[in-house]
Amino acid sequence: MPKQRITKDMVVESAFEIARQGGMEQVLVRNIAARIGCSVQPIYSYCRNMDGLRREVTEQTSAFIRKYLAAHIDKNDLFRSTGQSWIRLAEEEPHLFKIFVFHQRDGISSLVDLYQSEAGSQTAGAIAKQLNIAETQARQLHLNMLIYTVGIGTILSVTTPGIPADEILAQQETAYQAFLQQITGPDSGKNTETTSKAGTERITE
């Protein structure tokens with residue numbers, strides 16, 4: 001039987017699946033070799049720098065999440081459904097959620113920097129139009145919900161046997177209502193009753 005040809009794509013894909021199932025800390029040469037079914041030697045030829053491999057796993061994680069969100073959001077209820085999709089992701093793919101949240105972000109020295117790097121350039125305008133609020137208010141609401149959703153999603157991803165997602169989603173909705181009233185006043189809930197509610201626009205572009 002001819003020897004199996006080990007390619008870089010095979011190594012990265014195997015590393016991604018290992019991270020998906022057990023976390024980035026399980027991305028080790030011996031685990032990759034065992035998954036592919038080969039010796040460690042060909043893996044070392046691609047893994048002289050494990051940090052580089054882990055960066056590629058992080059990039060693949062980001063691509064996976066973009067596809068996941070695109071498949072789960074409701075375009076007619078974008079703000080709410082995107083936030084809910086992040087919570088569902090944390091429940092269904094906890095290791096990928098943690099890899100994305102905890103990966104290093106360079107050049108960030110303020111929450112404004114964070115928002116600009118993570119939110120789509122048109123997001124605040126779309127939220128403002130949908131909720132009939134000023135764009136500056138929409139940007140602050142979005143930032144608040146982005147921070148809150150990542151935090152509560154992280155709690156969901158690290159607890160066992162696990163908090164029911166419906167409980168987390170209800171808490172997310174409560175936070176949304178509180179943030180909205182803080183920004184626009186106590187009557188805001190009446191004005192936005194039929195519009196999208198809790199959520200965050202996707203964290204990656």
# chains A, B, ... in the order shown; residues from 1 in each chain; ligands from 1
>>> select_by_dssp(residues="range 113-178 of chain A", states="helix (DSSP H, G or I)", output="number ranges by chain")
A: 113-118, 123-131, 135-158, 165-178
>>> write_last_selection(atoms="N, CA and C atoms", output="short mmCIF file (atom, residue, chain, number, x, y, z; two decimals), in the first residue's frame")
data_model
loop_
_atom_site.label_atom_id
_atom_site.label_comp_id
_atom_site.auth_asym_id
_atom_site.auth_seq_id
_atom_site.Cartn_x
_atom_site.Cartn_y
_atom_site.Cartn_z
N ASP A 113 -11.79 51.35 20.14
CA ASP A 113 -10.95 50.52 19.26
C ASP A 113 -11.55 49.13 19.10
N LEU A 114 -11.99 48.56 20.21
CA LEU A 114 -12.58 47.22 20.17
C LEU A 114 -13.81 47.20 19.28
N TYR A 115 -14.67 48.18 19.47
CA TYR A 115 -15.90 48.23 18.68
C TYR A 115 -15.60 48.36 17.19
N GLN A 116 -14.68 49.25 16.86
CA GLN A 116 -14.35 49.47 15.46
C GLN A 116 -13.73 48.24 14.81
N SER A 117 -13.00 47.46 15.60
CA SER A 117 -12.34 46.27 15.05
C SER A 117 -13.30 45.09 14.92
N GLU A 118 -14.34 45.06 15.74
CA GLU A 118 -15.20 43.88 15.79
C GLU A 118 -16.54 44.06 15.08
N THR A 123 -23.12 48.64 10.81
CA THR A 123 -24.00 48.03 11.81
C THR A 123 -24.78 49.06 12.61
N ALA A 124 -24.09 50.08 13.14
CA ALA A 124 -24.77 51.06 13.98
C ALA A 124 -25.88 51.76 13.21
N GLY A 125 -25.62 52.08 11.95
CA GLY A 125 -26.64 52.73 11.14
C GLY A 125 -27.85 51.85 10.94
N ALA A 126 -27.62 50.56 10.72
CA ALA A 126 -28.74 49.63 10.52
C ALA A 126 -29.56 49.48 11.80
N ILE A 127 -28.89 49.42 12.95
CA ILE A 127 -29.60 49.31 14.22
C ILE A 127 -30.40 50.57 14.49
N ALA A 128 -29.79 51.73 14.22
CA ALA A 128 -30.48 53.00 14.43
C ALA A 128 -31.77 53.07 13.61
N LYS A 129 -31.69 52.66 12.38
CA LYS A 129 -32.87 52.68 11.51
C LYS A 129 -33.92 51.70 11.99
N GLN A 130 -33.49 50.52 12.40
CA GLN A 130 -34.41 49.48 12.83
C GLN A 130 -35.13 49.86 14.12
N LEU A 131 -34.41 50.50 15.06
CA LEU A 131 -34.99 50.83 16.36
C LEU A 131 -35.46 52.27 16.46
N GLU A 135 -27.85 57.27 15.71
CA GLU A 135 -26.76 56.34 15.44
C GLU A 135 -25.79 56.25 16.62
N THR A 136 -25.57 57.36 17.31
CA THR A 136 -24.68 57.31 18.49
C THR A 136 -25.29 56.43 19.58
N GLN A 137 -26.61 56.50 19.73
CA GLN A 137 -27.28 55.64 20.70
C GLN A 137 -27.21 54.18 20.27
N ALA A 138 -27.38 53.95 18.97
CA ALA A 138 -27.30 52.58 18.46
C ALA A 138 -25.92 52.00 18.67
N ARG A 139 -24.89 52.81 18.47
CA ARG A 139 -23.52 52.33 18.65
C ARG A 139 -23.27 51.94 20.11
N GLN A 140 -23.77 52.77 21.03
CA GLN A 140 -23.58 52.46 22.46
C GLN A 140 -24.37 51.22 22.85
N LEU A 141 -25.59 51.10 22.36
CA LEU A 141 -26.41 49.91 22.63
C LEU A 141 -25.73 48.66 22.11
N HIS A 142 -25.22 48.75 20.90
CA HIS A 142 -24.54 47.61 20.28
C HIS A 142 -23.31 47.21 21.07
N LEU A 143 -22.51 48.20 21.48
CA LEU A 143 -21.31 47.91 22.28
C LEU A 143 -21.70 47.25 23.59
N ASN A 144 -22.71 47.81 24.26
CA ASN A 144 -23.16 47.21 25.52
C ASN A 144 -23.57 45.75 25.33
N MET A 145 -24.34 45.49 24.28
CA MET A 145 -24.82 44.14 24.06
C MET A 145 -23.72 43.21 23.58
N LEU A 146 -22.77 43.75 22.83
CA LEU A 146 -21.63 42.95 22.40
C LEU A 146 -20.86 42.45 23.63
N ILE A 147 -20.55 43.37 24.54
CA ILE A 147 -19.81 43.00 25.75
C ILE A 147 -20.62 42.02 26.59
N TYR A 148 -21.90 42.31 26.75
CA TYR A 148 -22.74 41.45 27.59
C TYR A 148 -22.89 40.06 26.99
N THR A 149 -23.13 39.99 25.69
CA THR A 149 -23.35 38.70 25.05
C THR A 149 -22.10 37.84 25.08
N VAL A 150 -20.93 38.44 24.84
CA VAL A 150 -19.69 37.68 24.94
C VAL A 150 -19.49 37.16 26.36
N GLY A 151 -19.78 38.02 27.36
CA GLY A 151 -19.61 37.60 28.74
C GLY A 151 -20.53 36.47 29.13
N ILE A 152 -21.81 36.60 28.84
CA ILE A 152 -22.76 35.56 29.25
C ILE A 152 -22.59 34.30 28.39
N GLY A 153 -22.15 34.49 27.14
CA GLY A 153 -21.84 33.34 26.30
C GLY A 153 -20.65 32.56 26.84
N THR A 154 -19.66 33.28 27.36
CA THR A 154 -18.50 32.62 27.96
C THR A 154 -18.92 31.81 29.18
N ILE A 155 -19.80 32.37 30.01
CA ILE A 155 -20.31 31.62 31.15
C ILE A 155 -20.96 30.33 30.68
N LEU A 156 -21.78 30.43 29.64
CA LEU A 156 -22.45 29.24 29.10
C LEU A 156 -21.45 28.21 28.60
N SER A 157 -20.37 28.69 27.98
CA SER A 157 -19.41 27.77 27.35
C SER A 157 -18.50 27.06 28.35
N VAL A 158 -18.42 27.54 29.59
CA VAL A 158 -17.50 26.95 30.56
C VAL A 158 -18.20 26.27 31.73
N ALA A 165 -29.93 27.10 27.55
CA ALA A 165 -29.78 28.26 26.68
C ALA A 165 -30.96 29.20 26.78
N ASP A 166 -32.17 28.67 27.00
CA ASP A 166 -33.34 29.53 27.11
C ASP A 166 -33.22 30.47 28.31
N GLU A 167 -32.59 29.99 29.38
CA GLU A 167 -32.37 30.84 30.55
C GLU A 167 -31.38 31.96 30.22
N ILE A 168 -30.34 31.61 29.48
CA ILE A 168 -29.36 32.61 29.08
C ILE A 168 -29.99 33.63 28.14
N LEU A 169 -30.80 33.16 27.20
CA LEU A 169 -31.45 34.07 26.25
C LEU A 169 -32.41 35.02 26.95
N ALA A 170 -33.11 34.53 27.97
CA ALA A 170 -34.01 35.39 28.73
C ALA A 170 -33.21 36.47 29.47
N GLN A 171 -32.07 36.09 30.01
CA GLN A 171 -31.21 37.06 30.69
C GLN A 171 -30.66 38.09 29.70
N GLN A 172 -30.33 37.64 28.50
CA GLN A 172 -29.86 38.54 27.45
C GLN A 172 -30.94 39.56 27.10
N GLU A 173 -32.18 39.11 27.02
CA GLU A 173 -33.30 40.01 26.71
C GLU A 173 -33.49 41.04 27.82
N THR A 174 -33.37 40.61 29.06
CA THR A 174 -33.48 41.53 30.19
C THR A 174 -32.40 42.61 30.12
N ALA A 175 -31.19 42.19 29.78
CA ALA A 175 -30.09 43.15 29.66
C ALA A 175 -30.36 44.14 28.53
N TYR A 176 -30.87 43.64 27.43
CA TYR A 176 -31.20 44.52 26.31
C TYR A 176 -32.18 45.61 26.73
N GLN A 177 -33.24 45.21 27.40
CA GLN A 177 -34.25 46.18 27.82
C GLN A 177 -33.66 47.21 28.76
N ALA A 178 -32.80 46.77 29.67
CA ALA A 178 -32.17 47.71 30.61
C ALA A 178 -31.23 48.68 29.89
#
>>> residues_around(residues="Thr7 in chain A", least_positions_apart="2", cutoff="12 Å", atoms="only C-alpha atoms", output="PDB file with C-alpha atoms, in the first residue's frame")
ATOM      1  CA  GLN A   4      -0.340   8.426   2.677  1.00  0.00           C
ATOM      2  CA  ARG A   5       0.790  11.868   1.539  1.00  0.00           C
ATOM      3  CA  ASP A   9      -4.298  21.285   4.688  1.00  0.00           C
ATOM      4  CA  MET A  10      -4.671  17.891   6.363  1.00  0.00           C
ATOM      5  CA  VAL A  11      -2.619  19.064   9.324  1.00  0.00           C
ATOM      6  CA  VAL A  12      -4.599  22.309   9.733  1.00  0.00           C
ATOM      7  CA  GLU A  13      -7.951  20.568   9.316  1.00  0.00           C
ATOM      8  CA  SER A  14      -7.008  17.908  11.865  1.00  0.00           C
ATOM      9  CA  ILE A  36      -4.370  11.586  10.738  1.00  0.00           C
ATOM     10  CA  CYS A  38       0.719   8.782  10.779  1.00  0.00           C
ATOM     11  CA  PRO A  42       5.593  14.517   8.831  1.00  0.00           C
ATOM     12  CA  ILE A  43       3.644  16.678  11.279  1.00  0.00           C
ATOM     13  CA  TYR A  44       6.850  18.292  12.516  1.00  0.00           C
ATOM     14  CA  SER A  45       7.644  19.381   8.961  1.00  0.00           C
ATOM     15  CA  TYR A  46       4.560  21.639   9.112  1.00  0.00           C
ATOM     16  CA  CYS A  47       4.628  22.406  12.832  1.00  0.00           C
TER      17      CYS A  47
END
>>> decode(residues="range 157-170 of chain A", atoms="N, CA and C atoms", output="tab-separated table (two decimals), in the first residue's frame")
chain	number	residue	atom	x	y	z
A	157	SER	N	-20.37	28.69	27.98
A	157	SER	CA	-19.41	27.77	27.35
A	157	SER	C	-18.50	27.06	28.35
A	158	VAL	N	-18.42	27.54	29.59
A	158	VAL	CA	-17.50	26.95	30.56
A	158	VAL	C	-18.20	26.27	31.73
A	159	THR	N	-19.51	26.16	31.68
A	159	THR	CA	-20.24	25.53	32.78
A	159	THR	C	-20.72	24.14	32.39
A	160	THR	N	-20.70	23.23	33.35
A	160	THR	CA	-21.22	21.89	33.15
A	160	THR	C	-22.13	21.52	34.33
A	161	PRO	N	-23.18	20.74	34.13
A	161	PRO	CA	-23.61	20.18	32.85
A	161	PRO	C	-24.16	21.21	31.87
A	162	GLY	N	-24.27	22.46	32.31
A	162	GLY	CA	-24.67	23.51	31.39
A	162	GLY	C	-25.95	24.21	31.80
A	163	ILE	N	-25.92	25.55	31.71
A	163	ILE	CA	-27.12	26.34	31.97
A	163	ILE	C	-28.00	26.27	30.72
A	164	PRO	N	-29.30	26.04	30.87
A	164	PRO	CA	-30.17	26.00	29.69
A	164	PRO	C	-30.05	27.27	28.85
A	165	ALA	N	-29.93	27.10	27.55
A	165	ALA	CA	-29.78	28.26	26.68
A	165	ALA	C	-30.96	29.20	26.78
A	166	ASP	N	-32.17	28.67	27.00
A	166	ASP	CA	-33.34	29.53	27.11
A	166	ASP	C	-33.22	30.47	28.31
A	167	GLU	N	-32.59	29.99	29.38
A	167	GLU	CA	-32.37	30.84	30.55
A	167	GLU	C	-31.38	31.96	30.22
A	168	ILE	N	-30.34	31.61	29.48
A	168	ILE	CA	-29.36	32.61	29.08
A	168	ILE	C	-29.99	33.63	28.14
A	169	LEU	N	-30.80	33.16	27.20
A	169	LEU	CA	-31.45	34.07	26.25
A	169	LEU	C	-32.41	35.02	26.95
A	170	ALA	N	-33.11	34.53	27.97
A	170	ALA	CA	-34.01	35.39	28.73
A	170	ALA	C	-33.21	36.47	29.47
